[in-house]
Amino acid sequence: MTVTDPETIVGLDDEETSLRRRRWARDRELRAPRSPQHLSTADFLTLGNAVCGFLAIYSITTGVLVPHITNPDAAPDRHSAATAVTLLLIGSMCDLFDGLVARKLRSSALGAELDNLADLISFGIAPAYFVAVWGMVSSTGSSSKLSALIALTVLLAVVLRLARFSAVKMRPGVFQGMPCPMGAMTVIAIVLLDPPFQLGLLAIFGAAYLMVSRIEYPKPQGLLATATLCWIVVSIGCLAAWATGLPGGDALLHVGAFAQITLAAMAPLLVIRRKVGQKVGDVRARRAESRLG
């Protein structure tokens, strides 16, 4: 039998009883929330997520936007773009692990607030900035203004998504709306594919809508968390191959981007399929009742 309270220990000698009491007190201290003046291990992972978001914005500015302003005919730097996306993928890893670490070790009173602020930087401001820069680099005039409007839509969708996550309680194991990291990676995957401008903006708007929708997405726990981590590592490898110009790097980038968009679209497709199945079942049930009647 596992003993959780040292006051209930019976039949143990004084030394073992004292040892158990010290262990129990230590475990209670480790799991107790810290005061707002202290940061936990999970908080440092959350701050790492925010740092990755800022560095991604810096990388896309210095490697893509500034060269385009100084020389509009210059091609975007693949290394800077790949570095920026890799940083956001690393930020996603930090976001994946900070909650796991907070549940295993001591959390802090700042944890939830820090997580929302870091997510806003990495998965709200950064992807919106990617969209705006893509619009400025790939088009001019009114088209770039339209891309800025869609970028603002992405940012507002993430703000609403994070606010709803804090205010609305969902049943265990699911998120309402596409999680911000998946939404950000989907938006960036669309940008990396560089589709026709109007089609790309429409797809980005669709990703923003999915983030504020009521469609339920599963939380990355257990095997799903492991699969998510593996997917991030593979994505970083594809970006490295594309940035260094390795044979097949372009194909890997396109396959990875299409796969990311497909994963994001799976949940709404499954919901539509379930609703259609329910309607078909209801129709068949009514027909069966009418025949019996």
# chains A, B, ... in the order shown; residues from 1 in each chain; ligands from 1
call {"tool": "closest_atom_pairs", "arguments": {"of": "segment 161-219 of chain A", "to": "segment 143-154 of chain A", "cutoff": "12 Å", "atoms": "only C-alpha atoms", "output": "JSON lines"}}
result
{"residue": "A:Arg161", "atom": "CA", "partner": "A:Val154", "partner_atom": "CA", "distance": 10.4}
{"residue": "A:Cys180", "atom": "CA", "partner": "A:Val154", "partner_atom": "CA", "distance": 10.1}
{"residue": "A:Gly183", "atom": "CA", "partner": "A:Val154", "partner_atom": "CA", "distance": 9.0}
{"residue": "A:Ala184", "atom": "CA", "partner": "A:Val154", "partner_atom": "CA", "distance": 8.6}
{"residue": "A:Met185", "atom": "CA", "partner": "A:Val154", "partner_atom": "CA", "distance": 11.9}
{"residue": "A:Thr186", "atom": "CA", "partner": "A:Val154", "partner_atom": "CA", "distance": 11.2}
{"residue": "A:Val187", "atom": "CA", "partner": "A:Val154", "partner_atom": "CA", "distance": 8.5}
{"residue": "A:Ile188", "atom": "CA", "partner": "A:Val154", "partner_atom": "CA", "distance": 11.2}
{"residue": "A:Val191", "atom": "CA", "partner": "A:Ser147", "partner_atom": "CA", "distance": 11.2}
{"residue": "A:Pro196", "atom": "CA", "partner": "A:Ser143", "partner_atom": "CA", "distance": 11.8}
{"residue": "A:Phe197", "atom": "CA", "partner": "A:Ser143", "partner_atom": "CA", "distance": 8.3}
{"residue": "A:Gln198", "atom": "CA", "partner": "A:Ser143", "partner_atom": "CA", "distance": 8.8}
{"residue": "A:Leu199", "atom": "CA", "partner": "A:Ser147", "partner_atom": "CA", "distance": 11.5}
{"residue": "A:Gly200", "atom": "CA", "partner": "A:Ser147", "partner_atom": "CA", "distance": 9.6}
{"residue": "A:Leu201", "atom": "CA", "partner": "A:Ile150", "partner_atom": "CA", "distance": 6.7}
{"residue": "A:Leu202", "atom": "CA", "partner": "A:Ile150", "partner_atom": "CA", "distance": 8.7}
{"residue": "A:Ala203", "atom": "CA", "partner": "A:Ile150", "partner_atom": "CA", "distance": 10.2}
{"residue": "A:Ile204", "atom": "CA", "partner": "A:Ile150", "partner_atom": "CA", "distance": 7.4}
{"residue": "A:Phe205", "atom": "CA", "partner": "A:Ile150", "partner_atom": "CA", "distance": 6.5}
{"residue": "A:Gly206", "atom": "CA", "partner": "A:Val154", "partner_atom": "CA", "distance": 9.6}
{"residue": "A:Ala207", "atom": "CA", "partner": "A:Val154", "partner_atom": "CA", "distance": 8.1}
{"residue": "A:Ala208", "atom": "CA", "partner": "A:Val154", "partner_atom": "CA", "distance": 5.2}
{"residue": "A:Tyr209", "atom": "CA", "partner": "A:Val154", "partner_atom": "CA", "distance": 8.5}
{"residue": "A:Leu210", "atom": "CA", "partner": "A:Val154", "partner_atom": "CA", "distance": 10.5}
{"residue": "A:Met211", "atom": "CA", "partner": "A:Val154", "partner_atom": "CA", "distance": 8.9}
{"residue": "A:Val212", "atom": "CA", "partner": "A:Val154", "partner_atom": "CA", "distance": 10.1}
call {"tool": "select_by_dssp", "arguments": {"residues": "segment 195-260 of chain A", "states": "alpha helix (DSSP H)", "output": "MDAnalysis selection string"}}
result
chainID A and resid 197:212 223:243 249:260
call {"tool": "atom_distance", "arguments": {"atom1": "atom CA of Ser122 of chain A", "atom2": "atom CA of Gly91 of chain A"}}
result
7.0 Å
call {"tool": "residues_around", "arguments": {"residues": "segment 218-224 of chain A", "least_positions_apart": "5", "cutoff": "9 Å", "atoms": "only C-alpha atoms", "output": "JSON, numbers by chain"}}
result
{"A": [96, 100, 172, 173, 174, 175, 176, 179, 229, 267]}
call {"tool": "residues_around", "arguments": {"residues": "Ser59 of chain A", "least_positions_apart": "3", "cutoff": "10 Å", "atoms": "only C-alpha atoms", "output": "PDB file with N, CA and C atoms, in the first residue's frame"}}
result
ATOM      1  N   GLY A  53      10.010  33.297 -30.421  1.00  0.00           N
ATOM      2  CA  GLY A  53       9.116  34.111 -31.227  1.00  0.00           C
ATOM      3  C   GLY A  53       9.743  35.427 -31.633  1.00  0.00           C
ATOM      4  N   PHE A  54      10.403  36.095 -30.686  1.00  0.00           N
ATOM      5  CA  PHE A  54      11.056  37.364 -31.003  1.00  0.00           C
ATOM      6  C   PHE A  54      12.199  37.173 -31.997  1.00  0.00           C
ATOM      7  N   LEU A  55      13.016  36.146 -31.785  1.00  0.00           N
ATOM      8  CA  LEU A  55      14.135  35.907 -32.692  1.00  0.00           C
ATOM      9  C   LEU A  55      13.655  35.533 -34.098  1.00  0.00           C
ATOM     10  N   ALA A  56      12.513  34.854 -34.186  1.00  0.00           N
ATOM     11  CA  ALA A  56      11.955  34.532 -35.501  1.00  0.00           C
ATOM     12  C   ALA A  56      11.571  35.815 -36.240  1.00  0.00           C
ATOM     13  N   THR A  62      15.555  40.866 -40.798  1.00  0.00           N
ATOM     14  CA  THR A  62      16.906  41.119 -41.307  1.00  0.00           C
ATOM     15  C   THR A  62      17.227  40.310 -42.560  1.00  0.00           C
ATOM     16  N   GLY A  63      16.618  39.126 -42.702  1.00  0.00           N
ATOM     17  CA  GLY A  63      16.974  38.268 -43.822  1.00  0.00           C
ATOM     18  C   GLY A  63      16.060  38.363 -45.024  1.00  0.00           C
ATOM     19  N   VAL A  64      14.818  38.868 -44.813  1.00  0.00           N
ATOM     20  CA  VAL A  64      13.852  38.908 -45.914  1.00  0.00           C
ATOM     21  C   VAL A  64      13.355  40.332 -46.170  1.00  0.00           C
ATOM     22  N   LEU A  65      12.845  40.996 -45.139  1.00  0.00           N
ATOM     23  CA  LEU A  65      12.217  42.294 -45.350  1.00  0.00           C
ATOM     24  C   LEU A  65      13.233  43.385 -45.703  1.00  0.00           C
ATOM     25  N   HIS A  79      18.001  30.817 -45.885  1.00  0.00           N
ATOM     26  CA  HIS A  79      18.538  30.508 -44.560  1.00  0.00           C
ATOM     27  C   HIS A  79      17.790  31.278 -43.469  1.00  0.00           C
ATOM     28  N   SER A  80      17.515  32.559 -43.733  1.00  0.00           N
ATOM     29  CA  SER A  80      16.814  33.361 -42.733  1.00  0.00           C
ATOM     30  C   SER A  80      15.383  32.880 -42.546  1.00  0.00           C
ATOM     31  N   ALA A  81      14.723  32.550 -43.669  1.00  0.00           N
ATOM     32  CA  ALA A  81      13.356  32.054 -43.557  1.00  0.00           C
ATOM     33  C   ALA A  81      13.319  30.726 -42.811  1.00  0.00           C
ATOM     34  N   ALA A  82      14.248  29.824 -43.158  1.00  0.00           N
ATOM     35  CA  ALA A  82      14.288  28.527 -42.478  1.00  0.00           C
ATOM     36  C   ALA A  82      14.626  28.687 -41.000  1.00  0.00           C
ATOM     37  N   THR A  83      15.532  29.611 -40.688  1.00  0.00           N
ATOM     38  CA  THR A  83      15.888  29.856 -39.290  1.00  0.00           C
ATOM     39  C   THR A  83      14.685  30.364 -38.505  1.00  0.00           C
ATOM     40  N   ALA A  84      13.933  31.274 -39.121  1.00  0.00           N
ATOM     41  CA  ALA A  84      12.757  31.818 -38.437  1.00  0.00           C
ATOM     42  C   ALA A  84      11.728  30.731 -38.150  1.00  0.00           C
ATOM     43  N   VAL A  85      11.447  29.888 -39.138  1.00  0.00           N
ATOM     44  CA  VAL A  85      10.458  28.834 -38.938  1.00  0.00           C
ATOM     45  C   VAL A  85      10.964  27.804 -37.928  1.00  0.00           C
ATOM     46  N   LEU A  87      12.922  28.381 -35.432  1.00  0.00           N
ATOM     47  CA  LEU A  87      12.783  28.976 -34.106  1.00  0.00           C
ATOM     48  C   LEU A  87      11.346  28.833 -33.592  1.00  0.00           C
TER      49      LEU A  87
END
call {"tool": "closest_residue", "arguments": {"among": "A:Val51, A:Leu114, A:Leu239, A:Ala132", "to": "Thr86 of chain A", "atoms": "only C-alpha atoms"}}
result
A:Leu239
call {"tool": "atom_distance", "arguments": {"atom1": "atom CA of Ser108 of chain A", "atom2": "atom CA of Leu162 of chain A"}}
result
19.1 Å
call {"tool": "select_by_dssp", "arguments": {"residues": "segment 59-244 of chain A", "states": "strand (DSSP E or B)", "output": "list in words"}}
result
Ser108, Val174, Phe175, Gln176, Glu216, Tyr217 and Pro218 of chain A
call {"tool": "write_last_selection", "arguments": {"atoms": "C-alpha atoms", "output": "short mmCIF file (atom, residue, chain, number, x, y, z; two decimals), in the first residue's frame"}}
result
data_model
loop_
_atom_site.label_atom_id
_atom_site.label_comp_id
_atom_site.auth_asym_id
_atom_site.auth_seq_id
_atom_site.Cartn_x
_atom_site.Cartn_y
_atom_site.Cartn_z
CA SER A 108 4.25 29.06 -10.22
CA VAL A 174 -9.72 18.50 -25.96
CA PHE A 175 -9.25 22.10 -27.11
CA GLN A 176 -12.06 24.21 -28.54
CA GLU A 216 -12.75 20.16 -30.88
CA TYR A 217 -9.09 19.24 -31.35
CA PRO A 218 -7.37 16.63 -29.13
#
call {"tool": "residues_around", "arguments": {"residues": "Pro72 of chain A", "least_positions_apart": "4", "cutoff": "9 Å", "atoms": "only C-alpha atoms", "output": "NGL selection string"}}
result
:A and (67-68 or 137)
call {"tool": "write_last_selection", "arguments": {"atoms": "N, CA, C and O atoms", "output": "mmCIF file, in the first residue's frame"}}
result
data_model
loop_
_atom_site.group_PDB
_atom_site.id
_atom_site.type_symbol
_atom_site.label_atom_id
_atom_site.label_comp_id
_atom_site.auth_asym_id
_atom_site.auth_seq_id
_atom_site.Cartn_x
_atom_site.Cartn_y
_atom_site.Cartn_z
ATOM 1 N N PRO A 67 16.417 43.203 -46.908
ATOM 2 C CA PRO A 67 16.978 43.050 -48.256
ATOM 3 C C PRO A 67 15.977 43.390 -49.360
ATOM 4 O O PRO A 67 16.357 43.930 -50.398
ATOM 5 N N HIS A 68 14.696 43.084 -49.157
ATOM 6 C CA HIS A 68 13.691 43.413 -50.165
ATOM 7 C C HIS A 68 13.508 44.924 -50.288
ATOM 8 O O HIS A 68 13.314 45.445 -51.399
ATOM 9 N N VAL A 137 6.608 41.288 -49.987
ATOM 10 C CA VAL A 137 7.647 40.752 -50.870
ATOM 11 C C VAL A 137 7.059 40.247 -52.180
ATOM 12 O O VAL A 137 7.649 40.415 -53.251
#
call {"tool": "closest_residue", "arguments": {"among": "A:Val280, A:Met136, A:Cys52, A:Asp77", "to": "Gly245 of chain A", "atoms": "only C-alpha atoms"}}
result
A:Asp77
call {"tool": "closest_residue", "arguments": {"among": "A:Phe130, A:Ala163, A:Ser138, A:His38", "to": "Ala75 of chain A", "atoms": "only C-alpha atoms"}}
result
A:Ser138
call {"tool": "closest_residue", "arguments": {"among": "A:Ala109, A:Ala128, A:Ala285, A:Leu120", "to": "Asp95 of chain A", "atoms": "only C-alpha atoms"}}
result
A:Leu120
call {"tool": "atom_distance", "arguments": {"atom1": "atom CA of Leu253 of chain A", "atom2": "atom CA of Leu192 of chain A"}}
result
8.0 Å
call {"tool": "closest_residue", "arguments": {"among": "A:Leu45, A:Ala50, A:Met182, A:Met93", "to": "Val233 of chain A", "atoms": "only C-alpha atoms"}}
result
A:Met93
call {"tool": "closest_residue", "arguments": {"among": "A:Leu105, A:Val131, A:Ile60, A:Ile69", "to": "Asp194 of chain A", "atoms": "only C-alpha atoms"}}
result
A:Val131
